[in-house]
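Next up, target_15.txt (compact mmCIF, C-alpha atoms):
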# COMPACT_ATOMS: atom_id res chain seq x y z
CA MET A 1 -137.86 -127.54 102.70
CA TRP A 2 -136.02 -124.26 102.29
CA THR A 3 -132.60 -124.07 103.88
CA ARG A 4 -130.37 -121.06 104.14
CA ARG A 5 -128.24 -122.51 101.39
CA SER A 6 -131.13 -123.18 99.05
CA PHE A 7 -132.58 -119.72 99.74
CA GLY A 8 -129.22 -118.16 98.91
CA LEU A 9 -128.99 -120.15 95.66
CA ALA A 10 -132.52 -119.16 94.72
CA ALA A 11 -131.84 -115.50 95.47
CA GLY A 12 -128.66 -115.66 93.42
CA SER A 13 -130.56 -117.23 90.55
CA LEU A 14 -133.17 -114.50 90.70
CA GLY A 15 -130.43 -111.88 90.65
CA LEU A 16 -128.83 -113.52 87.59
CA ALA A 17 -132.18 -113.67 85.81
CA THR A 18 -132.78 -110.01 86.53
CA ALA A 19 -129.31 -109.07 85.26
CA THR A 20 -129.69 -110.98 82.00
CA THR A 21 -133.12 -109.57 81.19
CA SER A 22 -132.60 -105.91 82.15
CA PRO A 23 -132.51 -103.51 79.17
CA ILE A 24 -129.18 -102.21 77.90
CA ARG A 25 -128.71 -98.54 78.69
CA ALA A 26 -128.50 -96.20 75.74
CA GLN A 27 -124.95 -95.22 74.79
CA SER A 28 -123.92 -91.86 73.40
CA PRO A 29 -121.44 -91.97 70.53
CA VAL A 30 -117.80 -91.04 71.08
CA SER A 31 -116.68 -88.19 68.84
CA LEU A 32 -113.46 -88.35 66.87
CA VAL A 33 -111.84 -85.78 69.15
CA GLN A 34 -112.90 -87.67 72.28
CA ARG A 35 -111.68 -91.00 70.90
CA LEU A 36 -108.30 -89.67 69.85
CA ARG A 37 -107.79 -88.01 73.21
CA LEU A 38 -108.74 -91.19 75.08
CA GLU A 39 -106.23 -93.09 72.96
CA GLY A 40 -103.52 -90.43 73.18
CA ARG A 41 -103.42 -89.98 69.40
CA TYR A 42 -102.58 -86.91 67.35
CA LEU A 43 -102.23 -87.65 63.64
CA PRO A 44 -105.86 -88.27 62.59
CA GLN A 45 -107.09 -84.93 63.92
CA TYR A 46 -104.05 -83.15 62.51
CA LEU A 47 -104.68 -84.61 59.04
CA ASP A 48 -108.40 -83.82 59.29
CA LEU A 49 -107.66 -80.19 60.15
CA GLN A 50 -105.15 -80.01 57.31
CA ALA A 51 -107.77 -81.24 54.84
CA LYS A 52 -110.41 -78.81 56.10
CA THR A 53 -107.93 -75.93 55.95
CA ALA A 54 -107.00 -76.85 52.39
CA ALA A 55 -110.72 -76.79 51.56
CA GLY A 56 -110.93 -73.21 52.76
CA GLU A 57 -112.49 -73.60 56.24
CA ASP A 58 -111.20 -70.59 58.15
CA ALA A 59 -112.14 -71.95 61.59
CA ALA A 60 -110.15 -75.11 60.84
CA ARG A 61 -107.14 -73.00 59.83
CA TRP A 62 -106.98 -71.33 63.25
CA GLN A 63 -107.53 -74.62 65.02
CA LEU A 64 -104.81 -76.24 62.90
CA SER A 65 -102.42 -73.46 63.91
CA GLN A 66 -102.84 -74.36 67.57
CA TYR A 67 -103.02 -78.12 67.07
CA ALA A 68 -99.86 -78.25 64.93
CA SER A 69 -97.88 -76.91 67.88
CA LEU A 70 -98.81 -80.07 69.81
CA LEU A 71 -97.08 -82.17 67.14
CA GLY A 72 -93.92 -80.08 67.07
CA ASP A 73 -94.86 -78.78 63.59
CA GLU A 74 -93.82 -75.19 64.09
CA ALA A 75 -93.81 -74.45 60.36
CA THR A 76 -97.56 -75.11 60.19
CA ALA A 77 -98.38 -73.68 63.63
CA LEU A 78 -96.95 -70.29 62.65
CA GLY A 79 -97.11 -70.37 58.87
CA VAL A 80 -100.79 -71.18 58.41
CA VAL A 81 -101.88 -67.92 60.10
CA ALA A 82 -98.94 -65.69 59.06
CA GLN A 83 -99.73 -62.38 57.37
CA PRO A 84 -97.35 -59.85 55.83
CA ARG A 85 -96.72 -56.79 57.98
CA ARG A 86 -98.97 -53.89 57.04
CA PRO A 87 -97.10 -51.14 55.16
CA ASP A 88 -98.64 -48.52 57.47
CA ALA A 89 -97.71 -50.34 60.70
CA ARG A 90 -95.98 -47.94 63.11
CA SER A 91 -92.69 -48.90 64.71
CA PRO A 92 -91.87 -47.89 68.30
CA ASP A 93 -89.35 -45.16 69.01
CA LEU A 94 -86.30 -46.98 70.40
CA ALA A 95 -83.99 -43.97 70.72
CA GLY A 96 -82.05 -44.41 73.95
CA ALA A 97 -83.69 -47.79 74.66
CA THR A 98 -81.70 -50.59 76.29
CA VAL A 99 -82.19 -54.33 76.68
CA VAL A 100 -81.70 -56.68 79.63
CA ASN A 101 -81.93 -60.44 79.98
CA ALA A 102 -85.61 -61.27 80.44
CA LEU A 103 -85.14 -63.95 83.11
CA ASP A 104 -82.90 -61.68 85.18
CA ALA A 105 -85.45 -58.86 84.93
CA ILE A 106 -88.33 -61.14 85.89
CA ALA A 107 -86.47 -62.58 88.88
CA GLU A 108 -85.55 -59.10 90.10
CA ALA A 109 -89.10 -57.76 89.70
CA ALA A 110 -90.65 -60.85 91.36
CA ILE A 111 -88.64 -60.65 94.60
CA ASP A 112 -91.39 -58.79 96.47
CA ARG A 113 -94.41 -60.02 94.46
CA GLN A 114 -96.81 -62.69 95.61
CA ILE A 115 -98.27 -63.50 92.20
CA VAL A 116 -96.59 -63.53 88.78
CA ILE A 117 -98.78 -63.85 85.69
CA LEU A 118 -97.19 -64.85 82.36
CA ASN A 119 -99.12 -65.18 79.11
CA GLU A 120 -98.67 -67.18 75.92
CA ALA A 121 -99.93 -67.48 72.36
CA HIS A 122 -101.65 -70.84 72.00
CA ASN A 123 -99.77 -71.75 68.81
CA HIS A 124 -96.29 -71.13 70.25
CA SER A 125 -94.67 -74.08 72.04
CA ARG A 126 -91.73 -71.74 72.49
CA HIS A 127 -93.67 -69.75 75.07
CA ARG A 128 -94.20 -72.92 77.11
CA ALA A 129 -90.47 -73.59 77.04
CA PHE A 130 -89.89 -70.08 78.37
CA ALA A 131 -92.44 -70.71 81.13
CA THR A 132 -90.25 -73.63 82.22
CA GLN A 133 -87.30 -71.29 82.58
CA VAL A 134 -89.41 -68.86 84.61
CA LEU A 135 -90.45 -71.71 86.92
CA ARG A 136 -86.79 -72.47 87.55
CA ARG A 137 -85.90 -68.86 88.34
CA LEU A 138 -88.87 -68.25 90.66
CA ARG A 139 -88.58 -71.42 92.76
CA PRO A 140 -85.56 -70.19 94.81
CA LEU A 141 -87.56 -67.02 95.56
CA GLY A 142 -90.19 -69.06 97.38
CA PHE A 143 -92.76 -69.52 94.62
CA GLU A 144 -94.49 -72.84 95.27
CA TRP A 145 -97.68 -72.94 93.19
CA PHE A 146 -98.02 -73.28 89.41
CA ALA A 147 -101.52 -72.46 88.18
CA ALA A 148 -102.21 -72.85 84.47
CA GLU A 149 -105.28 -71.91 82.50
CA ALA A 150 -104.62 -75.02 80.42
CA PHE A 151 -105.14 -77.45 83.30
CA MET A 152 -108.58 -79.07 83.13
CA SER A 153 -111.04 -77.55 85.59
CA ARG A 154 -112.91 -79.56 88.21
CA GLN A 155 -115.65 -81.61 86.54
CA PRO A 156 -119.07 -82.74 87.82
CA GLU A 157 -118.07 -86.37 87.22
CA PRO A 158 -114.86 -87.87 88.66
CA ALA A 159 -111.97 -87.12 86.29
CA PRO A 160 -108.18 -87.00 86.45
CA MET A 161 -107.13 -83.72 88.03
CA ILE A 162 -103.78 -81.99 87.76
CA ALA A 163 -103.65 -81.59 91.55
CA ASP A 164 -103.44 -85.39 91.82
CA TYR A 165 -100.37 -85.65 89.55
CA GLY A 166 -97.24 -86.93 91.26
CA VAL A 167 -93.63 -86.94 90.09
CA GLY A 168 -92.89 -90.08 88.08
CA GLU A 169 -96.54 -90.87 87.39
CA PRO A 170 -97.90 -90.76 83.83
CA PHE A 171 -98.72 -87.19 82.79
CA LEU A 172 -102.14 -87.86 81.33
CA HIS A 173 -103.70 -86.44 78.16
CA ALA A 174 -106.81 -85.79 80.26
CA TYR A 175 -105.03 -83.14 82.35
CA GLY A 176 -105.72 -80.52 79.67
CA TYR A 177 -105.85 -79.68 75.98
CA TYR A 178 -102.74 -77.59 75.44
CA THR A 179 -100.82 -79.72 77.95
CA GLN A 180 -100.93 -82.44 75.29
CA ASP A 181 -98.07 -80.45 73.76
CA PRO A 182 -94.96 -82.37 74.92
CA VAL A 183 -93.24 -79.05 75.63
CA PHE A 184 -96.09 -78.02 77.96
CA ALA A 185 -96.22 -81.47 79.56
CA GLU A 186 -92.50 -81.17 80.29
CA THR A 187 -93.11 -77.74 81.83
CA ALA A 188 -95.62 -79.28 84.24
CA ARG A 189 -93.42 -82.30 84.96
CA GLU A 190 -90.46 -80.08 85.76
CA GLY A 191 -92.60 -77.81 87.90
CA ALA A 192 -93.60 -80.84 89.99
CA ARG A 193 -89.99 -82.01 90.20
CA LEU A 194 -88.96 -78.57 91.43
CA GLY A 195 -91.52 -78.79 94.22
CA TYR A 196 -94.36 -76.69 92.79
CA ARG A 197 -97.94 -77.67 93.55
CA LEU A 198 -99.89 -77.78 90.29
CA VAL A 199 -103.41 -76.36 90.36
CA ASP A 200 -106.24 -75.52 87.97
CA TYR A 201 -108.32 -72.36 87.92
CA GLU A 202 -110.16 -72.47 84.57
CA PHE A 203 -113.93 -72.02 84.70
CA ARG A 204 -116.04 -75.11 85.38
CA PRO A 205 -118.98 -76.29 83.27
CA ASP A 206 -121.42 -74.91 85.87
CA GLN A 207 -119.78 -71.48 85.62
CA ARG A 208 -120.39 -71.02 81.91
CA ALA A 209 -122.62 -68.21 80.70
CA PRO A 210 -126.19 -69.23 79.89
CA ALA A 211 -126.79 -70.64 76.41
CA GLY A 212 -127.29 -67.89 73.85
CA SER A 213 -125.28 -65.28 75.78
CA ASP A 214 -123.35 -62.77 73.70
CA MET A 215 -119.55 -62.74 73.60
CA ASP A 216 -119.23 -59.97 76.19
CA ARG A 217 -121.27 -61.97 78.72
CA GLN A 218 -119.35 -65.17 77.96
CA MET A 219 -116.04 -63.35 78.40
CA ALA A 220 -117.12 -61.68 81.64
CA ASP A 221 -118.40 -64.90 83.20
CA ARG A 222 -115.23 -66.76 82.31
CA GLU A 223 -112.87 -64.09 83.66
CA GLU A 224 -114.91 -63.82 86.87
CA ALA A 225 -114.88 -67.59 87.34
CA GLN A 226 -111.13 -67.80 86.76
CA ALA A 227 -110.42 -65.18 89.42
CA GLU A 228 -112.83 -66.77 91.90
CA ASN A 229 -111.39 -70.24 91.25
CA LEU A 230 -107.79 -69.20 91.84
CA ILE A 231 -108.84 -67.60 95.11
CA ALA A 232 -110.85 -70.69 96.15
CA ASN A 233 -108.32 -73.28 94.98
CA VAL A 234 -105.21 -71.60 96.45
CA LEU A 235 -105.50 -68.30 98.29
CA ALA A 236 -108.49 -69.07 100.51
CA ARG A 237 -106.53 -71.84 102.24
CA ASN A 238 -103.05 -70.41 101.67
CA PRO A 239 -103.34 -66.61 101.90
CA GLY A 240 -99.58 -66.10 101.65
CA ALA A 241 -99.05 -68.48 98.72
CA ARG A 242 -96.64 -67.33 96.03
CA ILE A 243 -98.00 -68.33 92.65
CA LEU A 244 -96.88 -68.39 89.02
CA VAL A 245 -100.00 -68.17 86.86
CA TYR A 246 -99.74 -69.13 83.19
CA CYS A 247 -102.51 -67.97 80.88
CA GLY A 248 -103.31 -67.04 77.29
CA TYR A 249 -103.13 -63.65 75.63
CA SER A 250 -105.20 -60.85 77.23
CA HIS A 251 -106.13 -62.70 80.43
CA ALA A 252 -103.03 -61.08 81.97
CA MET A 253 -104.25 -57.48 81.44
CA GLU A 254 -104.31 -55.60 84.75
CA SER A 255 -106.96 -52.95 84.06
CA PRO A 256 -110.46 -52.96 82.56
CA THR A 257 -110.62 -52.30 78.82
CA ASP A 258 -113.28 -51.28 76.29
CA HIS A 259 -113.93 -55.01 75.83
CA GLY A 260 -114.39 -55.75 79.51
CA GLU A 261 -112.35 -56.71 82.55
CA TRP A 262 -109.92 -59.60 82.24
CA PHE A 263 -108.77 -62.22 84.74
CA ALA A 264 -105.70 -60.41 86.11
CA SER A 265 -107.63 -57.19 86.71
CA ARG A 266 -110.41 -59.03 88.55
CA LEU A 267 -107.91 -60.99 90.65
CA LYS A 268 -106.13 -57.78 91.60
CA ARG A 269 -109.39 -56.06 92.55
CA LYS A 270 -110.72 -59.01 94.58
CA THR A 271 -107.54 -59.78 96.54
CA GLY A 272 -105.73 -56.46 96.74
CA ILE A 273 -102.62 -58.27 95.45
CA ASP A 274 -100.77 -56.41 92.70
CA PRO A 275 -99.44 -59.14 90.39
CA LEU A 276 -96.32 -58.92 88.28
CA THR A 277 -97.77 -59.28 84.78
CA ILE A 278 -95.62 -60.38 81.84
CA GLU A 279 -96.55 -60.63 78.19
CA GLN A 280 -94.77 -62.62 75.51
CA ALA A 281 -97.70 -63.66 73.32
CA SER A 282 -97.16 -61.00 70.64
CA ASN A 283 -93.40 -60.45 70.82
CA THR A 284 -92.05 -63.47 68.97
CA PRO A 285 -90.56 -63.52 65.47
CA ASP A 286 -92.57 -65.14 62.73
CA LEU A 287 -91.08 -67.66 60.31
CA ARG A 288 -90.37 -64.92 57.76
CA PRO A 289 -89.02 -61.49 58.77
CA GLU A 290 -91.54 -59.77 56.51
CA ASP A 291 -94.35 -61.24 58.62
CA ASP A 292 -93.02 -59.91 61.93
CA GLU A 293 -95.16 -57.40 63.83
CA ALA A 294 -93.76 -53.86 63.51
CA HIS A 295 -92.66 -53.65 67.15
CA VAL A 296 -90.96 -57.07 66.91
CA ALA A 297 -89.17 -56.14 63.69
CA ALA A 298 -87.95 -52.90 65.26
CA VAL A 299 -86.54 -54.61 68.36
CA LEU A 300 -84.82 -57.32 66.33
CA ALA A 301 -83.30 -54.76 63.97
CA ALA A 302 -82.10 -52.50 66.77
CA PHE A 303 -80.68 -55.09 69.17
CA ALA A 304 -80.35 -58.45 67.34
CA PRO A 305 -80.97 -60.35 70.61
CA THR A 306 -79.75 -63.92 71.00
CA GLU A 307 -81.78 -64.57 74.17
CA PRO A 308 -85.17 -63.41 75.50
CA VAL A 309 -84.95 -59.74 76.48
CA ILE A 310 -86.87 -56.88 78.05
CA VAL A 311 -86.61 -53.53 76.23
CA ARG A 312 -86.77 -50.32 78.26
CA ARG A 313 -87.00 -46.81 76.88
CA ALA A 314 -84.87 -44.01 78.27
CA ASP A 315 -87.76 -42.94 80.50
CA GLY A 316 -87.95 -46.43 82.05
CA SER A 317 -91.16 -47.52 80.32
CA VAL A 318 -91.27 -50.97 78.77
CA VAL A 319 -91.61 -51.53 75.02
CA GLY A 320 -94.20 -54.12 74.05
CA MET A 321 -97.19 -54.91 71.92
CA PRO A 322 -99.00 -51.56 71.57
CA MET A 323 -102.30 -53.06 72.76
CA TYR A 324 -100.63 -54.28 75.97
CA GLU A 325 -98.44 -51.29 76.82
CA GLY A 326 -99.52 -49.90 80.18
CA GLN A 327 -101.54 -53.06 80.83
CA MET A 328 -98.68 -55.37 81.77
CA ASP A 329 -95.49 -54.76 83.71
CA LEU A 330 -92.96 -56.50 81.48
CA SER A 331 -92.79 -57.55 77.82
CA VAL A 332 -90.52 -60.40 76.74
CA PHE A 333 -89.09 -60.32 73.21
CA HIS A 334 -87.83 -63.61 71.82
CA PRO A 335 -84.90 -63.77 69.37
CA ARG A 336 -85.00 -65.20 65.88
CA LEU A 337 -83.09 -68.49 66.06
CA ASP A 338 -82.14 -70.83 63.24
CA LEU A 339 -83.09 -74.49 63.19
CA VAL A 340 -80.57 -76.81 64.81
CA ARG A 341 -80.46 -80.29 63.25
CA GLY A 342 -83.97 -79.81 61.99
CA ARG A 343 -85.44 -78.72 65.34
CA PRO A 344 -86.31 -75.22 66.62
CA GLY A 345 -83.35 -73.26 67.92
CA TRP A 346 -85.16 -72.41 71.16
CA LEU A 347 -85.27 -76.12 72.04
CA ALA A 348 -81.54 -76.41 71.40
CA ALA A 349 -80.94 -73.33 73.57
CA ASP A 350 -82.36 -75.05 76.68
CA ALA A 351 -79.31 -76.15 78.64
CA ASP A 352 -81.36 -78.84 80.42
CA ARG A 353 -82.15 -80.63 77.16
CA ARG A 354 -79.93 -82.75 74.94
CA LEU A 355 -80.25 -83.13 71.16
CA ILE A 356 -80.29 -86.85 70.42
CA ASP A 357 -80.17 -88.32 66.91
CA VAL A 358 -82.25 -91.48 66.50
CA ASP A 359 -82.83 -93.93 63.67
CA ILE A 360 -86.34 -94.48 62.37
CA PRO A 361 -87.83 -97.67 60.91
CA GLU A 362 -88.79 -97.51 57.27
CA THR A 363 -92.10 -95.70 56.93
CA GLU A 364 -94.67 -94.91 54.26
CA GLY A 365 -97.05 -92.02 54.57
CA PRO A 366 -97.37 -89.61 57.51
CA ALA A 367 -95.71 -90.61 60.77
CA LEU A 368 -95.08 -88.99 64.14
CA LEU A 369 -91.93 -89.93 66.05
CA GLN A 370 -92.50 -89.99 69.82
CA ALA A 371 -90.22 -90.34 72.82
CA LEU A 372 -92.06 -91.56 75.94
CA TRP A 373 -90.69 -91.50 79.46
CA SER A 374 -90.05 -95.20 80.08
CA ASN A 375 -91.29 -95.03 83.67
CA GLU A 376 -94.63 -93.58 82.49
CA GLY A 377 -95.35 -96.15 79.81
CA PRO A 378 -97.75 -95.46 76.93
CA ALA A 379 -100.29 -93.56 79.06
CA GLY A 380 -98.24 -90.37 79.39
CA VAL A 381 -97.95 -87.43 77.02
CA PRO A 382 -94.69 -87.84 75.04
CA ALA A 383 -91.62 -86.03 76.32
CA ASP A 384 -90.94 -84.95 72.73
CA GLN A 385 -92.40 -85.68 69.33
CA HIS A 386 -91.50 -84.76 65.82
CA LEU A 387 -93.57 -84.90 62.63
CA LEU A 388 -91.56 -86.83 60.05
CA ALA A 389 -91.12 -86.12 56.37
CA GLU A 390 -92.03 -88.88 53.93
CA GLY A 391 -89.36 -91.60 54.05
CA GLN A 392 -87.29 -89.90 56.78
CA ARG A 393 -84.91 -92.43 58.38
CA GLN A 394 -83.20 -90.30 61.02
CA ALA A 395 -84.39 -87.45 63.25
CA THR A 396 -83.29 -85.39 66.23
CA LEU A 397 -85.14 -85.41 69.53
CA SER A 398 -84.78 -82.82 72.31
CA LEU A 399 -84.83 -84.62 75.66
CA ARG A 400 -83.94 -84.15 79.28
CA PRO A 401 -81.68 -86.72 80.96
CA GLY A 402 -83.54 -89.97 81.51
CA ARG A 403 -84.69 -93.20 79.89
CA TYR A 404 -87.10 -93.19 76.97
CA THR A 405 -89.05 -95.54 74.73
CA LEU A 406 -89.36 -94.73 71.01
CA ARG A 407 -92.42 -95.40 68.91
CA LEU A 408 -94.22 -94.16 65.78
CA GLU A 409 -97.79 -93.02 65.45
CA ARG A 410 -99.39 -93.51 62.05
CA PRO A 411 -102.85 -92.39 60.90
CA ASP A 412 -104.38 -95.77 61.80
CA GLY A 413 -102.68 -96.25 65.17
CA PHE A 414 -99.38 -96.86 66.94
CA ASP A 415 -96.60 -99.13 65.77
CA PRO A 416 -95.07 -101.24 68.54
CA ALA A 417 -92.31 -99.47 70.44
CA TYR A 418 -89.07 -100.06 68.55
CA GLY A 419 -86.25 -98.67 70.69
CA LEU A 420 -84.95 -97.60 74.08
CA ILE A 421 -82.53 -94.72 74.62
CA GLU A 422 -80.92 -93.30 77.73
CA VAL A 423 -79.98 -89.62 77.74
CA PRO A 424 -77.05 -88.95 80.06
CA ALA A 425 -77.04 -86.06 82.51

Write-out of the structure in structure tokens:
Amino acid sequence: MWTRRSFGLAAGSLGLATATTSPIRAQSPVSLVQRLRLEGRYLPQYLDLQAKTAAGEDAARWQLSQYASLLGDEATALGVVAQPRRPDARSPDLAGATVVNALDAIAEAAIDRQIVILNEAHNHSRHRAFATQVLRRLRPLGFEWFAAEAFMSRQPEPAPMIADYGVGEPFLHAYGYYTQDPVFAETAREGARLGYRLVDYEFRPDQRAPAGSDMDRQMADREEAQAENLIANVLARNPGARILVYCGYSHAMESPTDHGEWFASRLKRKTGIDPLTIEQASNTPDLRPEDDEAHVAAVLAAFAPTEPVIVRRADGSVVGMPMYEGQMDLSVFHPRLDLVRGRPGWLAADADRRLIDVDIPETEGPALLQALWSNEGPAGVPADQHLLAEGQRQATLSLRPGRYTLRLERPDGFDPAYGLIEVPA
């Protein structure tokens, strides 16, 4: 006789039988890049790109330039793509020109602007450090949104989104590609601590140009999607929102060009909001003075700045990268700074950071020293990391006040955390 209990047992048995005999679903392989990102690792891809670059792969060389910045390897990030200045390069006329502190000029110009757009070069961590300083200066003016091209766009499948990040939570590798740079991750962390709302606006997979489209179509579809996304993700619900937008290179150009219409121009046309546009991507010294762009070399020779500056001609126009003049409102020139205890001078110049010397366990082969926010654990992007020389036993980290865990990444994985440090305020 069947009872409720026996029927339930039989049904459960049938369910178990079905589960054990159902076919296994096909699995797609995980690529090296995907695996390393899931594991929060850097060294294997860095070494792979180094090897490909050494073998003469030009695409790998440009990718290595950007990827090296994520490891704090500025020598490779800048040096691998450096080229001597052309003998026929024209220098700007600086007769009667003057310089002002860039942050002061930006804050003054932003007082009555709703949107500020700042660009970067993707192989310069220094530009991300400057973005942090801009965030600090704009917050008292009422700016409350930080939108970055680098933040991962909304995906068709559930995925970690930058809008969900909260102060003190792990800042995940999945939030973006360039935000895996500890300097950029610290920019986002500080923005959140200052009260900014972090938001993405990059184009989504469904907004990509059709397969086989030429470069002009791909560029146009991306720029259009970026403008539409910023409007949908912020301005549609918050029409008076004051936003700092952080993008790459030419996306900040305010007018159509021979190559098409970029993000800033489309945003301006669609909203009627005239943004304050700022370029820094092409105004930074190279590792060697002879590799500096002509306009950079001229500004450094004329003014020898020790801080980021804006250069104005006697007629009030702004000196900048020739391609960008008339396309952006302000141009930031960065000074040439010497290394400080083996780290870039621009890191040492940040008054909110401290240079901390740490001991390193004995190592063989390549190793990456990492400082992790202790409250975030191993899931977060490091607060700072430094590529070590063979056999290096001491290094300097650049850290904000707080408590950190130290560990080493090697090509085959992470060593166990070996130290705790507390950086005083």

Protein and nucleic acid residues near (-87.6, -47.3, 81.2) (cut-off 12 Å, all atoms listed in the file) as a PyMOL selection string:
chain A and resi 94-100+310-320+329-331

Within 12 Å of A:Ser255, counting only C-alpha atoms, which residues show up once you throw out same-chain ones fewer than 6 positions away? Write them as a PDB file with C-alpha atoms, keeping the file's coordinate frame, please.
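Output saved as part-v3.pdb:
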ATOM      1  CA  GLU A 261    -112.350 -56.710  82.550  1.00  0.00           C
ATOM      2  CA  TRP A 262    -109.920 -59.600  82.240  1.00  0.00           C
ATOM      3  CA  PHE A 263    -108.770 -62.220  84.740  1.00  0.00           C
ATOM      4  CA  ALA A 264    -105.700 -60.410  86.110  1.00  0.00           C
ATOM      5  CA  SER A 265    -107.630 -57.190  86.710  1.00  0.00           C
ATOM      6  CA  ARG A 266    -110.410 -59.030  88.550  1.00  0.00           C
ATOM      7  CA  LEU A 267    -107.910 -60.990  90.650  1.00  0.00           C
ATOM      8  CA  LYS A 268    -106.130 -57.780  91.600  1.00  0.00           C
ATOM      9  CA  ARG A 269    -109.390 -56.060  92.550  1.00  0.00           C
ATOM     10  CA  ASP A 274    -100.770 -56.410  92.700  1.00  0.00           C
ATOM     11  CA  PRO A 275     -99.440 -59.140  90.390  1.00  0.00           C
ATOM     12  CA  THR A 277     -97.770 -59.280  84.780  1.00  0.00           C
ATOM     13  CA  TYR A 324    -100.630 -54.280  75.970  1.00  0.00           C
ATOM     14  CA  GLU A 325     -98.440 -51.290  76.820  1.00  0.00           C
ATOM     15  CA  GLY A 326     -99.520 -49.900  80.180  1.00  0.00           C
ATOM     16  CA  GLN A 327    -101.540 -53.060  80.830  1.00  0.00           C
ATOM     17  CA  MET A 328     -98.680 -55.370  81.770  1.00  0.00           C
ATOM     18  CA  ASP A 329     -95.490 -54.760  83.710  1.00  0.00           C
TER      19      ASP A 329
END

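The interatomic distance for the pair atom CA of A:Gln114 and atom CA of A:Pro239 works out to 9.9 Å.
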
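With all atoms listed in the file as the basis for measurement, A:Leu70 is the residue among A:Val81, A:Leu369, A:Leu70, A:Ile360 that approaches A:Phe184 most closely.
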
Given all atoms listed in the file as the basis, pick out the residue of A:Val381, A:Ala77, A:Ala55, A:Arg237 nearest to A:Phe171.
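The closest residue to A:Phe171 is A:Val381.
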
Select, from A:Ser69, A:Arg400, A:Leu300, A:Val309, the residue with the minimum atom-to-atom distance to A:Ala348, counting only C-alpha atoms.
A:Arg400

Residue with smallest distance to A:Ala298 - pool A:Pro156, A:Pro92, A:Pro335, A:Pro382, counting all atoms listed in the file:
A:Pro92

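Of the listed residues (A:Arg242, A:Ser28, A:Arg85, A:Pro205), A:Arg242 comes nearest to A:Pro140; the distances count all atoms listed in the file.
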
When you look at A:His386 with a cut-off of 7 Å (counting all atoms listed in the file), what residues show up, excluding the ones that are within fewer than 4 positions of it in the same chain? I need them as an NGL selection string.
:A and (71-72 or 368-370)

Just the residues within 9 Å of A:Arg336, please, counting only C-alpha atoms, with nothing from its chain fewer than 5 positions along; format it as a PyMOL selection string.
chain A and resi 284-287+289+300+304-307+345-346

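The residue set within 9 Å of stretch 257-259 of chain A, counting all atoms listed in the file and dropping same-chain residues fewer than 3 places from it, reads Asp216, Met219, Met253 and Trp262 of chain A.
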
For A:Gly40: contacts at 10 Å, only C-alpha atoms, fewer than 5 positions along chain excluded, given as number ranges by chain:
A: 34-35, 172-174, 180, 378-382, 409, 413-414

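Using all atoms listed in the file for every distance, the candidate list A:His251, A:Arg86, A:Arg193, A:His334 yields A:Arg193 as the residue closest to A:Phe146.
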
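When atom CA of A:Arg197 is paired with atom CA of A:Gly176, their separation reads 16.2 Å.
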
Interatomic distance (Å, one decimal) between atom CA of A:Asp357 and atom CA of A:Ser398
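So the answer is 9.0 Å.
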
Within-7 Å shell of (-94.8, -67.5, 61.0) in input frame, all atoms listed in the file, as a PyMOL selection string
chain A and resi 78-79+82+286-288+291
